[in-house]
Amino acid sequence: MTFARLTSALAIVASLAVAAPASAVEKQDGKFWMVIGGRQAVSHVDPGQSYDYAIRMMTQALYDGLVKYTGNPPEVQPWLATDWETSEDGLTWTFHLAPDATFHNGDPVTAEAVVYSYQRVLEMNEGVAWMLSDVLQAENIKALDEGTVEFTLDRPYAPFLSFLPWWFVVNPAQVEANVVDGDFGKAWLTEHEAGSGPYSLERFDQGTSYWLKRNPDYWKGFPYDNDDMGGIIYRLIRESSSQRAGLISGEADLVTDLTPEELQVVGARDDIETTSTPALTSFGLKMNTQGEYTSDLNLRKAIAYAFDYDTFVQVYNGNATLQTSPFTDAIRGKVDIDMPRQDMETAKEYLAQSAWPEGGITLEYVYVQSLEQQRQMGLSLLNSLKELNIELEMVPLTWPNMVARAGDVEQSPDLMAIFSTPVSTDPDAVAIQYHPNSHGKYYGSHFLDDAELNAMIEEARKLSDWDERAPIYAEIQQRIADLQPEIFGMMRERQFAYRTYVHGYEDSPIRMTGEVDLYPLFIQP
């Protein structure tokens, strides 16, 4: 049977003399290589640096964490750690490692490797560091013996375990051998890996494709009884229409983040399966609260009441739900709040109280250049703002350029289209996005800094008793809504399509919009 795979050069993939995926060929050397078509490039595969859905999809395939999220609703399951204990005061966490876990080069995964990996991220202070840096010091992570690692927190922190699935363990020997000028091995880990995960990095063609070779001797095994998988190629396909065409022709086996229209087209075929499931991800138009115009709360309120919220749902063909709180529905402690909906009279009242009561200004709206839905949202906002005598300049950018602008308060635009996925169902994962700790990150492009809100977030983070935390998070949600740092939008469903010979697809709302867990996937004709 013939499937979309690679060019004829795939026959020598084992020797790395390979070409980019193109025409269909039969499986080579007795193995299938699954082609996944996605629209976001992989800027690096270092689990300690910045992350987005493409990076996280790669790193989770290349590396292992102490624990992993699985299922729907998502639950934390043992992985490198077989079990763990917590002290009565909630400060000390002790993890016991799987004795048979090994890195790709054959080195054992030891407690020292775990200590090194966590300390590296905390000292770099990038990527996932924000999740634990307020409660965990590098010197308070210790290897008690080869298979036991101990974390001592500065204070009890209820969400601690819920963040650990995104902290991956690297091989210290490999990383240290490639450190240049004290860079923590970052340059080398951009296009190389030092992991123990189910896949190893075969090839890194930036801006084109990223090749992962399945490790048949993976220490944890695979959740399927099939040895026909040779690997996975994540191929960059920037346009949704091209993703659809590739899936139909067989040049791609699974595609991520199709538009609702494209999903409907491929879903009508007998040889393609589609999925549409709720996600933790929210989508909003972040407003720079320290910008020239949008620093004015009344202007932000005017913009929020001018927007036509039906657009959020319509552009996804109904596969989305409007937010009723700054927290998405699956977040613990979420409460319904009276959120703005389009009301032009109210919008004009807020505008009259702003520094620009007659309008006469131009706002900048930045969005991902390849996402048609975000362009449509901008057009809707442009039309709404005309009634307020406000112009909107729509600026499409690549995602890396958007991230760069979001990192600088002076460069962050008036409005930016942002998908944001909490990395935990704990409310702290969302609340912290509205704290100065998140400034410089794409989801913190609002640069909100409110003393009252900051104090509540910091207080709630220190508590372990949910009965004490819950009312504070209710207040936090209301305060965030009152400050209007964004047009709070919608929760869209995660949408994927794949050929019927692709098996093992598993979804979990904890994952980002275009992220797929590659571990359980396999091809079976």
# chains A, B, ... in the order shown; residues from 1 in each chain; ligands from 1
>>> select_by_dssp(residues="stretch 67-185 of chain A", states="strand (DSSP E or B)", output="PyMOL selection string")
chain A and resi 67-70+75-78+81-86+92-97+102+108+141-145+148-152+168
>>> write_last_selection(atoms="N, CA and C atoms", output="compact mmCIF listing (two decimals), in the first residue's frame")
# COMPACT_ATOMS: atom_id res chain seq x y z
N VAL A 67 7.21 13.47 35.51
CA VAL A 67 5.81 13.07 35.38
C VAL A 67 5.29 13.59 34.04
N LYS A 68 4.10 13.14 33.65
CA LYS A 68 3.54 13.55 32.36
C LYS A 68 2.03 13.69 32.47
N TYR A 69 1.47 14.67 31.74
CA TYR A 69 0.02 14.82 31.64
C TYR A 69 -0.53 13.83 30.62
N THR A 70 -1.58 13.13 30.98
CA THR A 70 -2.29 12.27 30.04
C THR A 70 -3.79 12.38 30.30
N GLU A 75 -4.49 14.38 33.74
CA GLU A 75 -4.02 13.94 35.04
C GLU A 75 -2.51 13.75 34.99
N VAL A 76 -1.83 14.03 36.09
CA VAL A 76 -0.39 13.84 36.18
C VAL A 76 -0.10 12.38 36.47
N GLN A 77 0.71 11.75 35.61
CA GLN A 77 1.04 10.34 35.75
C GLN A 77 2.55 10.16 35.95
N PRO A 78 2.97 9.12 36.66
CA PRO A 78 4.41 8.86 36.81
C PRO A 78 5.08 8.65 35.46
N ALA A 81 9.83 9.38 37.14
CA ALA A 81 9.61 9.07 38.56
C ALA A 81 8.52 8.01 38.68
N THR A 82 8.83 6.95 39.37
CA THR A 82 7.84 5.89 39.57
C THR A 82 6.87 6.23 40.69
N ASP A 83 7.35 6.99 41.69
CA ASP A 83 6.50 7.41 42.81
C ASP A 83 7.20 8.55 43.54
N TRP A 84 6.50 9.17 44.48
CA TRP A 84 7.04 10.30 45.21
C TRP A 84 6.30 10.49 46.53
N GLU A 85 6.96 11.23 47.44
CA GLU A 85 6.35 11.56 48.72
C GLU A 85 6.48 13.06 48.98
N THR A 86 5.56 13.55 49.80
CA THR A 86 5.60 14.96 50.20
C THR A 86 5.60 15.04 51.72
N THR A 92 8.94 19.61 51.29
CA THR A 92 9.90 18.66 50.72
C THR A 92 9.18 17.61 49.87
N TRP A 93 9.68 17.49 48.63
CA TRP A 93 9.14 16.50 47.69
C TRP A 93 10.28 15.56 47.31
N THR A 94 10.04 14.26 47.44
CA THR A 94 11.06 13.26 47.15
C THR A 94 10.57 12.34 46.04
N PHE A 95 11.36 12.24 44.96
CA PHE A 95 10.98 11.45 43.79
C PHE A 95 11.94 10.27 43.62
N HIS A 96 11.38 9.11 43.29
CA HIS A 96 12.16 7.90 43.06
C HIS A 96 12.12 7.58 41.56
N LEU A 97 13.30 7.42 40.96
CA LEU A 97 13.40 7.29 39.52
C LEU A 97 13.30 5.84 39.05
N THR A 102 17.16 5.29 30.44
CA THR A 102 18.46 5.64 29.85
C THR A 102 18.31 6.75 28.82
N PRO A 108 22.71 6.19 31.95
CA PRO A 108 21.51 6.09 32.79
C PRO A 108 20.97 7.46 33.17
N ILE A 141 17.83 21.64 45.40
CA ILE A 141 17.52 20.42 44.66
C ILE A 141 18.72 19.49 44.85
N LYS A 142 18.48 18.30 45.40
CA LYS A 142 19.60 17.44 45.77
C LYS A 142 19.36 15.98 45.36
N ALA A 143 20.44 15.32 44.99
CA ALA A 143 20.40 13.88 44.72
C ALA A 143 20.73 13.15 46.02
N LEU A 144 19.77 12.42 46.57
CA LEU A 144 20.00 11.68 47.81
C LEU A 144 20.79 10.41 47.54
N ASP A 145 20.56 9.82 46.39
CA ASP A 145 21.35 8.70 45.89
C ASP A 145 21.13 8.66 44.40
N THR A 148 17.28 8.80 43.63
CA THR A 148 16.35 9.57 44.45
C THR A 148 16.73 11.04 44.43
N VAL A 149 15.77 11.89 44.11
CA VAL A 149 16.02 13.33 44.07
C VAL A 149 15.04 14.04 45.00
N GLU A 150 15.54 15.06 45.68
CA GLU A 150 14.74 15.78 46.68
C GLU A 150 14.67 17.27 46.33
N PHE A 151 13.45 17.81 46.38
CA PHE A 151 13.22 19.23 46.18
C PHE A 151 12.73 19.82 47.50
N THR A 152 13.37 20.90 47.94
CA THR A 152 12.90 21.60 49.14
C THR A 152 12.46 23.00 48.74
N PHE A 168 11.84 19.00 31.53
CA PHE A 168 12.42 17.80 30.96
C PHE A 168 13.87 17.62 31.42
>>> residues_around(residues="A:Gln60", least_positions_apart="4", cutoff="12 Å", atoms="only C-alpha atoms", output="VMD selection string")
chain A and resid 45 to 47 51 to 56 64 to 69 79 165 to 170 193 195 to 201 212 511 515 to 520
>>> select_by_dssp(residues="stretch 56-189 of chain A", states="alpha helix (DSSP H)", output="NGL selection string")
:A and (56-62 or 111-124 or 160-163 or 172-176 or 186-189)
>>> write_last_selection(atoms="C-alpha atoms", output="PDB file, in the first residue's frame")
ATOM      1  CA  ARG A  56       6.844  21.635  23.073  1.00  0.00           C
ATOM      2  CA  MET A  57       5.692  18.950  20.640  1.00  0.00           C
ATOM      3  CA  MET A  58       9.326  18.265  19.728  1.00  0.00           C
ATOM      4  CA  THR A  59      10.778  18.381  23.229  1.00  0.00           C
ATOM      5  CA  GLN A  60       8.141  16.064  24.659  1.00  0.00           C
ATOM      6  CA  ALA A  61       9.076  13.488  22.018  1.00  0.00           C
ATOM      7  CA  LEU A  62      12.837  13.890  22.582  1.00  0.00           C
ATOM      8  CA  ALA A 111      19.141  11.829  40.177  1.00  0.00           C
ATOM      9  CA  GLU A 112      22.208  13.942  39.362  1.00  0.00           C
ATOM     10  CA  ALA A 113      20.855  14.395  35.823  1.00  0.00           C
ATOM     11  CA  VAL A 114      17.536  15.595  37.243  1.00  0.00           C
ATOM     12  CA  VAL A 115      19.317  18.029  39.587  1.00  0.00           C
ATOM     13  CA  TYR A 116      21.461  19.340  36.723  1.00  0.00           C
ATOM     14  CA  SER A 117      18.450  19.806  34.427  1.00  0.00           C
ATOM     15  CA  TYR A 118      16.363  21.731  36.949  1.00  0.00           C
ATOM     16  CA  GLN A 119      19.284  23.864  38.094  1.00  0.00           C
ATOM     17  CA  ARG A 120      20.156  24.666  34.484  1.00  0.00           C
ATOM     18  CA  VAL A 121      16.675  26.027  33.775  1.00  0.00           C
ATOM     19  CA  LEU A 122      16.511  28.018  37.012  1.00  0.00           C
ATOM     20  CA  GLU A 123      19.941  29.548  36.391  1.00  0.00           C
ATOM     21  CA  MET A 124      19.105  30.361  32.768  1.00  0.00           C
ATOM     22  CA  PHE A 160       4.127  22.331  42.337  1.00  0.00           C
ATOM     23  CA  LEU A 161       3.404  18.875  40.910  1.00  0.00           C
ATOM     24  CA  SER A 162       1.078  20.272  38.225  1.00  0.00           C
ATOM     25  CA  PHE A 163       3.980  22.156  36.588  1.00  0.00           C
ATOM     26  CA  PRO A 172      24.543  16.528  31.735  1.00  0.00           C
ATOM     27  CA  ALA A 173      27.542  14.904  30.053  1.00  0.00           C
ATOM     28  CA  GLN A 174      26.339  15.715  26.556  1.00  0.00           C
ATOM     29  CA  VAL A 175      25.271  19.260  27.395  1.00  0.00           C
ATOM     30  CA  GLU A 176      28.432  20.136  29.327  1.00  0.00           C
ATOM     31  CA  LYS A 186      22.041  26.607  24.402  1.00  0.00           C
ATOM     32  CA  ALA A 187      23.634  27.037  20.977  1.00  0.00           C
ATOM     33  CA  TRP A 188      24.272  23.307  20.611  1.00  0.00           C
ATOM     34  CA  LEU A 189      20.829  22.331  21.900  1.00  0.00           C
TER      35      LEU A 189
END
>>> closest_residue(among="A:Lys220, A:His192, A:Arg235, A:Arg203", to="A:Arg39", atoms="only C-alpha atoms")
A:Arg235
>>> closest_atom_pairs(of="stretch 73-120 of chain A", to="stretch 213-217 of chain A", cutoff="12 Å", atoms="only C-alpha atoms", output="CSV")
residue,atom,partner,partner_atom,distance
A:Asp100,CA,A:Asp217,CA,11.4
A:Ala101,CA,A:Asp217,CA,10.8
A:Thr102,CA,A:Asp217,CA,9.9
A:Phe103,CA,A:Asn215,CA,10.8
A:His104,CA,A:Asn215,CA,8.3
A:Asn105,CA,A:Asn215,CA,11.3
A:Gly106,CA,A:Asp217,CA,10.5
>>> residues_around(residues="A:Ile272", least_positions_apart="2", cutoff="9 Å", atoms="only C-alpha atoms", output="ChimeraX atom specification")
/A:247-248,266-270,274,497-501
>>> write_last_selection(atoms="C-alpha atoms", output="mmCIF file, in the first residue's frame")
data_model
loop_
_atom_site.group_PDB
_atom_site.id
_atom_site.type_symbol
_atom_site.label_atom_id
_atom_site.label_comp_id
_atom_site.auth_asym_id
_atom_site.auth_seq_id
_atom_site.Cartn_x
_atom_site.Cartn_y
_atom_site.Cartn_z
ATOM 1 C CA LEU A 247 -3.652 15.545 3.585
ATOM 2 C CA ILE A 248 -6.030 14.715 0.739
ATOM 3 C CA VAL A 266 -11.518 16.879 4.774
ATOM 4 C CA GLY A 267 -13.976 15.557 7.357
ATOM 5 C CA ALA A 268 -16.388 14.614 4.574
ATOM 6 C CA ARG A 269 -13.942 12.047 3.225
ATOM 7 C CA ASP A 270 -13.965 8.372 4.170
ATOM 8 C CA THR A 274 -11.138 14.562 12.238
ATOM 9 C CA ALA A 497 -7.255 15.733 10.871
ATOM 10 C CA TYR A 498 -5.407 12.563 9.948
ATOM 11 C CA ARG A 499 -5.510 9.673 7.517
ATOM 12 C CA THR A 500 -7.437 6.624 8.692
ATOM 13 C CA TYR A 501 -4.257 4.534 8.791
#
>>> closest_atom_pairs(of="stretch 351-415 of chain A", to="stretch 421-438 of chain A", cutoff="12 Å", atoms="only C-alpha atoms", output="JSON lines")
{"residue": "A:Ala406", "atom": "CA", "partner": "A:Ser438", "partner_atom": "CA", "distance": 10.7}
{"residue": "A:Gly407", "atom": "CA", "partner": "A:Ser438", "partner_atom": "CA", "distance": 9.6}
{"residue": "A:Asp408", "atom": "CA", "partner": "A:Ser438", "partner_atom": "CA", "distance": 11.8}
{"residue": "A:Val409", "atom": "CA", "partner": "A:Pro436", "partner_atom": "CA", "distance": 11.6}
